[in-house]
file my_file_35.pdb (PDB, C-alpha atoms)
ATOM      1  CA  ALA A   1      11.601   6.885 -81.741
ATOM      2  CA  ASP A   2      10.520   3.277 -82.309
ATOM      3  CA  GLU A   3       9.833   3.921 -85.988
ATOM      4  CA  THR A   4      13.270   5.454 -86.407
ATOM      5  CA  HIS A   5      14.913   2.456 -84.721
ATOM      6  CA  TRP A   6      13.174  -0.168 -86.827
ATOM      7  CA  SER A   7      13.767   1.778 -90.037
ATOM      8  CA  ILE A   8      17.539   1.239 -89.729
ATOM      9  CA  VAL A   9      17.364  -2.443 -88.778
ATOM     10  CA  GLN A  10      18.451  -4.616 -91.679
ATOM     11  CA  ALA A  11      15.904  -7.222 -92.677
ATOM     12  CA  MET A  12      16.917 -10.852 -92.847
ATOM     13  CA  GLN A  13      17.735 -12.052 -96.342
ATOM     14  CA  THR A  14      16.127 -15.459 -95.730
ATOM     15  CA  GLU A  15      13.858 -17.075 -93.191
ATOM     16  CA  PRO A  16      15.650 -18.416 -90.087
ATOM     17  CA  ASP A  17      16.674 -21.994 -90.855
ATOM     18  CA  VAL A  18      16.032 -23.638 -87.494
ATOM     19  CA  SER A  19      13.777 -26.469 -86.474
ATOM     20  CA  GLU A  20      11.059 -26.425 -83.856
ATOM     21  CA  MET A  21      13.165 -28.493 -81.488
ATOM     22  CA  LEU A  22      15.642 -25.599 -81.225
ATOM     23  CA  LEU A  23      13.081 -23.061 -80.043
ATOM     24  CA  ARG A  24      13.377 -23.999 -76.363
ATOM     25  CA  PRO A  25      17.187 -23.756 -76.178
ATOM     26  CA  MET A  26      17.003 -20.606 -78.302
ATOM     27  CA  GLU A  27      14.644 -19.076 -75.748
ATOM     28  CA  ALA A  28      17.123 -19.871 -72.985
ATOM     29  CA  VAL A  29      19.987 -18.304 -74.930
ATOM     30  CA  ALA A  30      17.862 -15.224 -75.657
ATOM     31  CA  CYS A  31      17.232 -14.861 -71.933
ATOM     32  CA  CYS A  32      21.006 -14.920 -71.331
ATOM     33  CA  VAL A  33      21.440 -12.227 -73.979
ATOM     34  CA  ARG A  34      18.839 -10.024 -72.315
ATOM     35  CA  LEU A  35      20.428 -10.415 -68.876
ATOM     36  CA  GLY A  36      24.009 -10.107 -70.127
ATOM     37  CA  TRP A  37      25.085 -13.549 -68.953
ATOM     38  CA  SER A  38      27.724 -15.708 -70.628
ATOM     39  CA  CYS A  39      26.273 -18.848 -72.155
ATOM     40  CA  LEU A  40      27.750 -22.313 -72.749
ATOM     41  CA  LEU A  41      25.948 -24.378 -75.400
ATOM     42  CA  VAL A  42      26.510 -28.114 -75.024
ATOM     43  CA  GLY A  43      25.437 -30.628 -77.632
ATOM     44  CA  PRO A  44      26.590 -33.062 -80.307
ATOM     45  CA  THR A  45      28.057 -31.990 -83.636
ATOM     46  CA  SER A  46      25.563 -30.475 -86.127
ATOM     47  CA  SER A  47      22.877 -30.133 -83.481
ATOM     48  CA  GLY A  48      22.286 -26.455 -84.268
ATOM     49  CA  LYS A  49      24.400 -24.567 -81.717
ATOM     50  CA  SER A  50      25.797 -22.148 -84.301
ATOM     51  CA  SER A  51      22.397 -21.824 -85.988
ATOM     52  CA  ILE A  52      20.869 -20.619 -82.727
ATOM     53  CA  LEU A  53      23.500 -17.920 -82.244
ATOM     54  CA  ASN A  54      23.462 -16.762 -85.860
ATOM     55  CA  THR A  55      19.668 -16.534 -85.881
ATOM     56  CA  LEU A  56      19.618 -14.500 -82.656
ATOM     57  CA  ALA A  57      22.375 -12.218 -83.960
ATOM     58  CA  ASP A  58      20.350 -11.547 -87.122
ATOM     59  CA  ALA A  59      17.228 -10.905 -85.058
ATOM     60  CA  CYS A  60      19.109  -8.431 -82.819
ATOM     61  CA  ASN A  61      20.908  -6.848 -85.790
ATOM     62  CA  VAL A  62      24.363  -7.324 -84.285
ATOM     63  CA  HIS A  63      27.594  -8.723 -85.673
ATOM     64  CA  ILE A  64      28.753 -12.062 -84.303
ATOM     65  CA  GLU A  65      32.350 -13.215 -84.609
ATOM     66  CA  THR A  66      33.081 -16.944 -84.510
ATOM     67  CA  LEU A  67      36.479 -18.217 -83.411
ATOM     68  CA  ALA A  68      37.108 -21.953 -83.757
ATOM     69  CA  MET A  69      39.265 -23.183 -80.896
ATOM     70  CA  THR A  70      41.844 -25.940 -81.427
ATOM     71  CA  THR A  71      44.490 -27.688 -79.383
ATOM     72  CA  ALA A  72      46.991 -25.172 -80.768
ATOM     73  CA  THR A  73      44.975 -22.096 -79.777
ATOM     74  CA  ASP A  74      46.993 -19.654 -77.707
ATOM     75  CA  VAL A  75      45.814 -16.844 -75.467
ATOM     76  CA  THR A  76      47.364 -14.305 -77.866
ATOM     77  CA  GLU A  77      44.653 -15.122 -80.418
ATOM     78  CA  LEU A  78      42.077 -13.857 -77.932
ATOM     79  CA  ILE A  79      43.671 -10.840 -76.276
ATOM     80  CA  GLY A  80      46.334  -9.858 -78.841
ATOM     81  CA  CYS A  81      50.100  -9.685 -79.147
ATOM     82  CA  PHE A  82      52.965  -7.543 -80.416
ATOM     83  CA  GLU A  83      53.388  -7.591 -84.189
ATOM     84  CA  GLN A  84      55.759  -5.953 -86.607
ATOM     85  CA  THR A  85      54.717  -2.425 -87.454
ATOM     86  CA  ASP A  86      52.856  -2.014 -90.747
ATOM     87  CA  SER A  87      53.134   1.471 -92.196
ATOM     88  CA  SER A  88      49.551   1.443 -93.478
ATOM     89  CA  LEU A  89      47.800  -0.524 -90.707
ATOM     90  CA  ALA A  90      47.073   2.440 -88.424
ATOM     91  CA  LEU A  91      45.770   4.528 -91.314
ATOM     92  CA  ARG A  92      43.524   1.744 -92.611
ATOM     93  CA  GLN A  93      42.112   1.152 -89.147
ATOM     94  CA  LEU A  94      41.405   4.878 -88.766
ATOM     95  CA  ALA A  95      39.666   4.988 -92.144
ATOM     96  CA  THR A  96      37.455   2.059 -91.159
ATOM     97  CA  THR A  97      36.515   3.622 -87.814
ATOM     98  CA  ILE A  98      35.690   6.972 -89.446
ATOM     99  CA  LYS A  99      33.338   5.212 -91.873
ATOM    100  CA  VAL A 100      31.602   3.370 -89.011
ATOM    101  CA  VAL A 101      31.006   6.624 -87.125
ATOM    102  CA  TYR A 102      29.789   8.421 -90.243
ATOM    103  CA  ASP A 103      27.358   5.626 -91.149
ATOM    104  CA  GLY A 104      26.031   5.630 -87.592
ATOM    105  CA  LEU A 105      25.430   9.378 -87.655
ATOM    106  CA  CYS A 106      23.660   9.171 -91.010
ATOM    107  CA  ALA A 107      21.324   6.478 -89.679
ATOM    108  CA  HIS A 108      19.906   8.760 -86.973
ATOM    109  CA  GLU A 109      17.904  11.942 -87.130
ATOM    110  CA  HIS A 110      19.511  15.217 -86.084
ATOM    111  CA  ASP A 111      18.229  18.645 -85.137
ATOM    112  CA  GLY A 112      17.668  20.784 -88.197
ATOM    113  CA  PRO A 113      18.241  19.947 -91.872
ATOM    114  CA  GLY A 114      21.702  21.567 -91.912
ATOM    115  CA  ALA A 115      23.114  19.803 -88.852
ATOM    116  CA  MET A 116      24.962  17.228 -90.960
ATOM    117  CA  GLN A 117      25.739  19.392 -93.981
ATOM    118  CA  GLY A 118      29.229  20.331 -92.812
ATOM    119  CA  VAL A 119      29.928  16.756 -91.710
ATOM    120  CA  HIS A 120      29.041  15.416 -95.164
ATOM    121  CA  LYS A 121      31.344  17.855 -96.901
ATOM    122  CA  GLN A 122      34.275  17.265 -94.532
ATOM    123  CA  TYR A 123      33.820  13.477 -94.581
ATOM    124  CA  TRP A 124      34.044  13.175 -98.357
ATOM    125  CA  ARG A 125      37.043  15.462 -98.353
ATOM    126  CA  VAL A 126      38.815  13.266 -95.809
ATOM    127  CA  LYS A 127      37.732  10.071 -97.554
ATOM    128  CA  LYS A 128      39.265  11.220-100.839
ATOM    129  CA  ALA A 129      42.492  12.214 -99.085
ATOM    130  CA  LEU A 130      42.659   8.857 -97.289
ATOM    131  CA  ALA A 131      42.165   6.968-100.543
ATOM    132  CA  ASN A 132      44.997   8.910-102.166
ATOM    133  CA  GLU A 133      47.251   8.390 -99.146
ATOM    134  CA  LEU A 134      46.678   4.629 -98.980
ATOM    135  CA  THR A 135      47.687   4.222-102.614
ATOM    136  CA  LYS A 136      51.164   5.524-101.833
ATOM    137  CA  SER A 137      53.952   3.106-100.974
ATOM    138  CA  PRO A 138      55.166   3.606 -98.349
ATOM    139  CA  VAL A 139      52.462   5.571 -96.592
ATOM    140  CA  CYS A 140      53.603   9.059 -95.625
ATOM    141  CA  TYR A 141      52.819   9.829 -92.002
ATOM    142  CA  ASN A 142      53.958  13.453 -92.196
ATOM    143  CA  ASN A 143      50.876  14.625 -94.083
ATOM    144  CA  GLU A 144      50.003  17.516 -91.810
ATOM    145  CA  ARG A 145      47.068  18.618 -93.977
ATOM    146  CA  LEU A 146      45.422  15.191 -93.726
ATOM    147  CA  ILE A 147      45.961  15.107 -89.951
ATOM    148  CA  ALA A 148      44.358  18.533 -89.607
ATOM    149  CA  ASP A 149      41.357  17.556 -91.766
ATOM    150  CA  ILE A 150      40.781  14.368 -89.753
ATOM    151  CA  ASP A 151      41.008  16.330 -86.508
ATOM    152  CA  VAL A 152      38.349  18.740 -87.781
ATOM    153  CA  LEU A 153      36.106  15.860 -88.879
ATOM    154  CA  ILE A 154      36.298  14.095 -85.516
ATOM    155  CA  GLY A 155      35.484  17.407 -83.831
ATOM    156  CA  MET A 156      32.376  17.631 -86.021
ATOM    157  CA  PHE A 157      31.469  14.064 -85.054
ATOM    158  CA  GLU A 158      31.645  15.029 -81.390
ATOM    159  CA  GLY A 159      29.509  18.115 -82.039
ATOM    160  CA  VAL A 160      26.581  16.355 -83.714
ATOM    161  CA  GLY A 161      26.914  12.906 -82.123
ATOM    162  CA  ARG A 162      24.370  11.743 -79.600
ATOM    163  CA  SER A 163      24.735   9.303 -76.750
ATOM    164  CA  VAL A 164      24.382   6.289 -79.068
ATOM    165  CA  GLU A 165      27.528   7.283 -80.956
ATOM    166  CA  VAL A 166      29.706   8.197 -77.972
ATOM    167  CA  ALA A 167      31.523   4.845 -77.903
ATOM    168  CA  SER A 168      32.217   4.869 -81.644
ATOM    169  CA  ILE A 169      33.480   8.448 -81.601
ATOM    170  CA  SER A 170      35.725   7.655 -78.631
ATOM    171  CA  ARG A 171      37.156   4.696 -80.546
ATOM    172  CA  CYS A 172      37.724   6.982 -83.545
ATOM    173  CA  ARG A 173      39.631   9.445 -81.369
ATOM    174  CA  GLN A 174      41.795   6.597 -80.012
ATOM    175  CA  ASP A 175      42.614   5.353 -83.524
ATOM    176  CA  PHE A 176      43.474   8.896 -84.548
ATOM    177  CA  ALA A 177      45.882   9.204 -81.612
ATOM    178  CA  ALA A 178      47.441   5.869 -82.583
ATOM    179  CA  TYR A 179      47.870   7.077 -86.147
ATOM    180  CA  LYS A 180      49.611  10.263 -85.040
ATOM    181  CA  SER A 181      51.868   8.420 -82.594
ATOM    182  CA  SER A 182      52.985   6.087 -85.392
ATOM    183  CA  ALA A 183      54.670   9.025 -87.061
ATOM    184  CA  THR A 184      56.988   9.613 -84.096
ATOM    185  CA  SER A 185      57.387   6.052 -82.832
ATOM    186  CA  GLY A 186      60.670   4.402 -83.731
ATOM    187  CA  SER A 187      59.683   0.958 -82.469
ATOM    188  CA  PRO A 188      59.427  -1.769 -85.131
ATOM    189  CA  PHE A 189      56.703  -3.548 -83.112
ATOM    190  CA  HIS A 190      53.309  -2.467 -81.836
ATOM    191  CA  TRP A 191      50.452  -4.046 -79.925
ATOM    192  CA  VAL A 192      47.513  -5.458 -81.936
ATOM    193  CA  ASP A 193      44.284  -6.303 -80.126
ATOM    194  CA  GLY A 194      42.956  -9.845 -80.444
ATOM    195  CA  THR A 195      39.475 -10.960 -81.450
ATOM    196  CA  LEU A 196      38.157 -10.882 -77.886
ATOM    197  CA  VAL A 197      39.384  -7.366 -77.113
ATOM    198  CA  GLN A 198      38.036  -6.014 -80.405
ATOM    199  CA  ALA A 199      34.609  -7.518 -79.746
ATOM    200  CA  MET A 200      34.588  -6.130 -76.202
ATOM    201  CA  GLU A 201      35.311  -2.596 -77.365
ATOM    202  CA  ARG A 202      33.001  -2.609 -80.391
ATOM    203  CA  GLY A 203      30.046  -4.221 -78.669
ATOM    204  CA  SER A 204      29.725  -7.236 -80.960
ATOM    205  CA  TRP A 205      29.075 -10.856 -80.019
ATOM    206  CA  LEU A 206      31.826 -13.477 -79.810
ATOM    207  CA  HIS A 207      31.305 -17.211 -80.237
ATOM    208  CA  LEU A 208      34.141 -19.464 -79.056
ATOM    209  CA  GLU A 209      33.489 -22.723 -80.827
ATOM    210  CA  ASN A 210      34.750 -26.074 -79.489
ATOM    211  CA  VAL A 211      36.121 -24.544 -76.296
ATOM    212  CA  ASN A 212      36.939 -27.964 -74.873
ATOM    213  CA  TYR A 213      39.597 -28.399 -77.572
ATOM    214  CA  CYS A 214      41.943 -25.713 -76.249
ATOM    215  CA  SER A 215      43.971 -25.777 -73.063
ATOM    216  CA  SER A 216      42.181 -24.903 -69.829
ATOM    217  CA  SER A 217      44.877 -22.309 -69.087
ATOM    218  CA  VAL A 218      43.696 -20.320 -72.127
ATOM    219  CA  LEU A 219      40.068 -20.262 -70.971
ATOM    220  CA  ASP A 220      41.025 -19.497 -67.385
ATOM    221  CA  ARG A 221      42.448 -16.218 -68.694
ATOM    222  CA  LEU A 222      38.813 -15.185 -69.297
ATOM    223  CA  ASN A 223      37.590 -15.887 -65.755
ATOM    224  CA  PRO A 224      37.863 -12.256 -64.502
ATOM    225  CA  LEU A 225      35.869 -11.087 -67.521
ATOM    226  CA  MET A 226      33.008 -13.518 -66.912
ATOM    227  CA  GLU A 227      32.378 -12.322 -63.364
ATOM    228  CA  PHE A 228      29.482  -9.920 -62.741
ATOM    229  CA  GLY A 229      30.820  -6.493 -63.626
ATOM    230  CA  GLY A 230      34.015  -8.164 -64.849
ATOM    231  CA  GLU A 231      36.856  -6.610 -66.802
ATOM    232  CA  LEU A 232      39.947  -7.774 -68.640
ATOM    233  CA  VAL A 233      43.394  -6.656 -67.464
ATOM    234  CA  LEU A 234      45.952  -6.749 -70.276
ATOM    235  CA  THR A 235      49.273  -7.045 -68.519
ATOM    236  CA  GLU A 236      50.772  -8.496 -71.719
ATOM    237  CA  CYS A 237      50.733  -5.174 -73.581
ATOM    238  CA  GLY A 238      52.697  -3.250 -70.938
ATOM    239  CA  LEU A 239      51.821  -0.216 -68.874
ATOM    240  CA  SER A 240      49.467   2.486 -70.030
ATOM    241  CA  ASP A 241      51.974   5.278 -69.361
ATOM    242  CA  ASP A 242      55.634   4.385 -68.859
ATOM    243  CA  SER A 243      56.574   7.954 -67.914
ATOM    244  CA  SER A 244      54.272   8.027 -64.903
ATOM    245  CA  LEU A 245      55.218   6.786 -61.478
ATOM    246  CA  ASP A 246      51.723   5.351 -60.945
ATOM    247  CA  ALA A 247      51.514   3.642 -64.335
ATOM    248  CA  LYS A 248      48.977   0.824 -64.487
ATOM    249  CA  PRO A 249      48.300  -1.986 -66.945
ATOM    250  CA  ARG A 250      45.608  -1.535 -69.563
ATOM    251  CA  VAL A 251      42.107  -2.432 -68.381
ATOM    252  CA  VAL A 252      39.393  -3.213 -70.952
ATOM    253  CA  ASN A 253      35.781  -2.863 -69.812
ATOM    254  CA  PRO A 254      33.256  -4.649 -72.044
ATOM    255  CA  HIS A 255      30.804  -2.673 -74.131
ATOM    256  CA  LYS A 256      27.212  -2.882 -72.892
ATOM    257  CA  ASN A 257      26.222  -4.798 -76.035
ATOM    258  CA  PHE A 258      29.084  -7.295 -75.846
ATOM    259  CA  ARG A 259      28.059 -10.927 -75.340
ATOM    260  CA  LEU A 260      30.231 -14.018 -74.987
ATOM    261  CA  PHE A 261      29.098 -17.481 -76.065
ATOM    262  CA  LEU A 262      30.896 -20.798 -75.797
ATOM    263  CA  SER A 263      29.983 -24.106 -77.412
ATOM    264  CA  MET A 264      31.320 -27.612 -77.087
ATOM    265  CA  ASN A 265      30.673 -31.275 -77.873
ATOM    266  CA  PRO A 266      31.581 -33.131 -74.660
ATOM    267  CA  SER A 267      31.729 -36.536 -76.369
ATOM    268  CA  SER A 268      34.517 -35.521 -78.764
ATOM    269  CA  HIS A 269      37.263 -33.984 -76.653
ATOM    270  CA  GLY A 270      36.426 -33.957 -72.967
ATOM    271  CA  GLU A 271      35.073 -31.177 -70.772
ATOM    272  CA  VAL A 272      35.994 -27.622 -69.808
ATOM    273  CA  SER A 273      37.195 -26.631 -66.357
ATOM    274  CA  ARG A 274      34.732 -26.408 -63.481
ATOM    275  CA  ALA A 275      35.679 -22.752 -62.941
ATOM    276  CA  MET A 276      34.581 -21.927 -66.487
ATOM    277  CA  ARG A 277      31.305 -23.851 -66.237
ATOM    278  CA  ASN A 278      30.453 -22.123 -62.960
ATOM    279  CA  ARG A 279      30.644 -18.761 -64.723
ATOM    280  CA  CYS A 280      28.276 -19.706 -67.568
ATOM    281  CA  ILE A 281      24.635 -20.604 -68.012
ATOM    282  CA  GLU A 282      24.780 -24.060 -69.551
ATOM    283  CA  VAL A 283      22.194 -24.769 -72.270
ATOM    284  CA  TYR A 284      21.845 -28.240 -73.749
ATOM    285  CA  VAL A 285      21.056 -28.522 -77.466
ATOM    286  CA  PRO A 286      19.668 -31.980 -78.340
ATOM    287  CA  ALA A 287      20.717 -33.996 -81.357
ATOM    288  CA  ALA A 288      18.968 -33.685 -84.690
ATOM    289  CA  LEU A 289      15.617 -35.398 -85.104
ATOM    290  CA  SER A 290      15.449 -38.812 -86.757
ATOM    291  CA  GLY A 291      13.120 -41.771 -87.139
ATOM    292  CA  GLU A 292       9.455 -40.857 -86.921
ATOM    293  CA  ASN A 293      10.277 -37.120 -86.974
ATOM    294  CA  ARG A 294      12.224 -37.326 -90.190
ATOM    295  CA  SER A 295       9.489 -35.446 -92.037
ATOM    296  CA  PHE A 296      10.851 -32.176 -90.635
ATOM    297  CA  GLY A 297      13.837 -32.401 -92.988
ATOM    298  CA  SER A 298      15.584 -34.359 -95.647
ATOM    299  CA  LYS A 299      17.757 -37.376 -94.912
ATOM    300  CA  SER A 300      21.435 -37.491 -95.788
ATOM    301  CA  ASP A 301      23.282 -40.755 -95.190
ATOM    302  CA  GLY A 302      20.513 -41.838 -92.840
ATOM    303  CA  VAL A 303      20.802 -38.714 -90.616
ATOM    304  CA  ALA A 304      18.486 -35.704 -90.786
ATOM    305  CA  THR A 305      20.621 -32.557 -90.857
ATOM    306  CA  ILE A 306      19.629 -29.362 -89.081
ATOM    307  CA  ASP A 307      20.091 -27.229 -92.222
ATOM    308  CA  SER A 308      17.513 -29.302 -94.149
ATOM    309  CA  TYR A 309      14.629 -28.883 -91.697
ATOM    310  CA  THR A 310      11.560 -27.093 -92.926
ATOM    311  CA  GLY A 311      10.190 -26.254 -89.467
ATOM    312  CA  LEU A 312       9.037 -22.637 -89.381
ATOM    313  CA  TRP A 313      10.507 -19.970 -87.117
TER     314      TRP A 313
END
call {"tool": "encode", "arguments": {"input": "my_file_35.pdb", "output": "structure tokens"}}
result
Amino acid sequence: ADETHWSIVQAMQTEPDVSEMLLRPMEAVACCVRLGWSCLLVGPTSSGKSSILNTLADACNVHIETLAMTTATDVTELIGCFEQTDSSLALRQLATTIKVVYDGLCAHEHDGPGAMQGVHKQYWRVKKALANELTKSPVCYNNERLIADIDVLIGMFEGVGRSVEVASISRCRQDFAAYKSSATSGSPFHWVDGTLVQAMERGSWLHLENVNYCSSSVLDRLNPLMEFGGELVLTECGLSDDSSLDAKPRVVNPHKNFRLFLSMNPSSHGEVSRAMRNRCIEVYVPAALSGENRSFGSKSDGVATIDSYTGLW
């Protein structure tokens, strides 16, 4: 099982470009990743906060999304908002999710040599039909043959998928339901998930850079998520089922691989709220080396930059 796991892990293209002085804070951040704790990296500009997260993401073979926060950042950029309906958006999203599930199934071993034979044949049939459909303008939602083929393919995914693909297949089924509902929906607007919600559902990492730049009211929206066993309640997107008497707002539970990181430079734009800092493990990243330690890297304008260090990983 271990050999199969490591055979699908993508190797780093280059050696990690971090200095020796970052190994201690990197160890602390790695401990937070292992325990599932949110982490707040504090340090001056160009001290290596992003380098630490990118190096750990490469080592863990996960995707990390970086969102630079500004004074104009609104909570809709994190959780999502209503946008005008795009006739091809639902179909493109479904095509992307199908490819993710298929690639995940191909990366794992299955019982018997013919277990995936039918999936391969059906996938390439659906992929060709999707490519032809996306070239049309406007996209035709009443393609009953394409809907039937996709339904059969997802059923095959569920038949051969193991526990590691359950979340991806569930997401594929949700996107398929959204695609079918678009054909009957007469509303010109639909809800689009923000960067935070997408990362929570897909199990990727999210780095909120310069969190002290944005309003504290935006960050306080994340407080319920950063509790132990926390979740995110999306009251902004309406009720889950308007026809039901016990309709409830949408609740997003984070994927087990989801991790949230925040970074800030306290000397540039103040601090974050005490409530936010109490929910994070704060890790200090010192400034870049200079003076007698300049031999670790090259000097640019009298300051040794973190990207120029030659310290080994």
call {"tool": "residues_around", "arguments": {"input": "my_file_35.pdb", "residues": "Asn253 of chain A", "least_positions_apart": "6", "cutoff": "9 Å", "atoms": "all atoms listed in the file", "output": "ChimeraX atom specification"}}
result
/A:200-201,225,229-233
call {"tool": "atom_distance", "arguments": {"input": "my_file_35.pdb", "atom1": "atom CA of Ser170 of chain A", "atom2": "atom CA of Leu78 of chain A"}}
result
22.4 Å
call {"tool": "atom_distance", "arguments": {"input": "my_file_35.pdb", "atom1": "atom CA of Ile52 of chain A", "atom2": "atom CA of Arg279 of chain A"}}
result
20.6 Å
call {"tool": "resolve_selection", "arguments": {"input": "my_file_35.pdb", "expression": "the PyMOL selection byres ((chain A and resi 276) around 12)", "output": "MDAnalysis selection string"}}
result
chainID A and resid 38:40 211:212 216:227 261:262 271:275 277:282
call {"tool": "closest_residue", "arguments": {"input": "my_file_35.pdb", "among": "A:Gly203, A:Gly194, A:Pro249, A:Pro286", "to": "Gly80 of chain A", "atoms": "all atoms listed in the file"}}
result
A:Gly194
call {"tool": "closest_residue", "arguments": {"input": "my_file_35.pdb", "among": "A:Leu53, A:Leu146, A:Cys237, A:Val252", "to": "Ala131 of chain A", "atoms": "all atoms listed in the file"}}
result
A:Leu146
call {"tool": "residues_around", "arguments": {"input": "my_file_35.pdb", "residues": "Asn265 of chain A", "least_positions_apart": "2", "cutoff": "9 Å", "atoms": "only C-alpha atoms", "output": "list in words"}}
result
Leu41, Val42, Gly43, Pro44, Thr45, Asn210, Val211, Asn212, Ser263, Ser267, Ser268, His269, Gly270 and Glu271 of chain A
call {"tool": "residues_around", "arguments": {"input": "my_file_35.pdb", "residues": "Ala72 of chain A", "least_positions_apart": "3", "cutoff": "10 Å", "atoms": "only C-alpha atoms", "output": "ChimeraX atom specification"}}
result
/A:69,75,213-215
call {"tool": "resolve_selection", "arguments": {"input": "my_file_35.pdb", "expression": "the PyMOL selection byres ((chain A and resi 158) around 12)", "output": "number ranges by chain"}}
result
A: 101-102, 105, 116, 119, 151-157, 159-173
call {"tool": "closest_residue", "arguments": {"input": "my_file_35.pdb", "among": "A:Leu89, A:Leu234, A:Met264, A:Arg202", "to": "Val283 of chain A", "atoms": "all atoms listed in the file"}}
result
A:Met264
call {"tool": "resolve_selection", "arguments": {"input": "my_file_35.pdb", "expression": "the PyMOL selection byres ((chain A and resi 208) around 6)", "output": "mmCIF file with C-alpha atoms, in the coordinates of the input"}}
result
data_model
loop_
_atom_site.group_PDB
_atom_site.id
_atom_site.type_symbol
_atom_site.label_atom_id
_atom_site.label_comp_id
_atom_site.auth_asym_id
_atom_site.auth_seq_id
_atom_site.Cartn_x
_atom_site.Cartn_y
_atom_site.Cartn_z
ATOM 1 C CA LEU A 67 36.479 -18.217 -83.411
ATOM 2 C CA HIS A 207 31.305 -17.211 -80.237
ATOM 3 C CA GLU A 209 33.489 -22.723 -80.827
ATOM 4 C CA LEU A 262 30.896 -20.798 -75.797
#
call {"tool": "residues_around", "arguments": {"input": "my_file_35.pdb", "residues": "Ala129 of chain A", "least_positions_apart": "6", "cutoff": "10 Å", "atoms": "all atoms listed in the file", "output": "mmCIF file with C-alpha atoms, in the coordinates of the input"}}
result
data_model
loop_
_atom_site.group_PDB
_atom_site.id
_atom_site.type_symbol
_atom_site.label_atom_id
_atom_site.label_comp_id
_atom_site.auth_asym_id
_atom_site.auth_seq_id
_atom_site.Cartn_x
_atom_site.Cartn_y
_atom_site.Cartn_z
ATOM 1 C CA TYR A 123 33.820 13.477 -94.581
ATOM 2 C CA ARG A 145 47.068 18.618 -93.977
ATOM 3 C CA LEU A 146 45.422 15.191 -93.726
ATOM 4 C CA ASP A 149 41.357 17.556 -91.766
ATOM 5 C CA ILE A 150 40.781 14.368 -89.753
#
call {"tool": "atom_distance", "arguments": {"input": "my_file_35.pdb", "atom1": "atom CA of Leu56 of chain A", "atom2": "atom CA of Trp205 of chain A"}}
result
10.5 Å
call {"tool": "closest_residue", "arguments": {"input": "my_file_35.pdb", "among": "A:Val192, A:Val285, A:Ala90, A:Met26", "to": "Ala178 of chain A", "atoms": "all atoms listed in the file"}}
result
A:Ala90
call {"tool": "residues_around", "arguments": {"input": "my_file_35.pdb", "residues": "Ala95 of chain A", "least_positions_apart": "3", "cutoff": "8 Å", "atoms": "all atoms listed in the file", "output": "count of residues only"}}
result
6
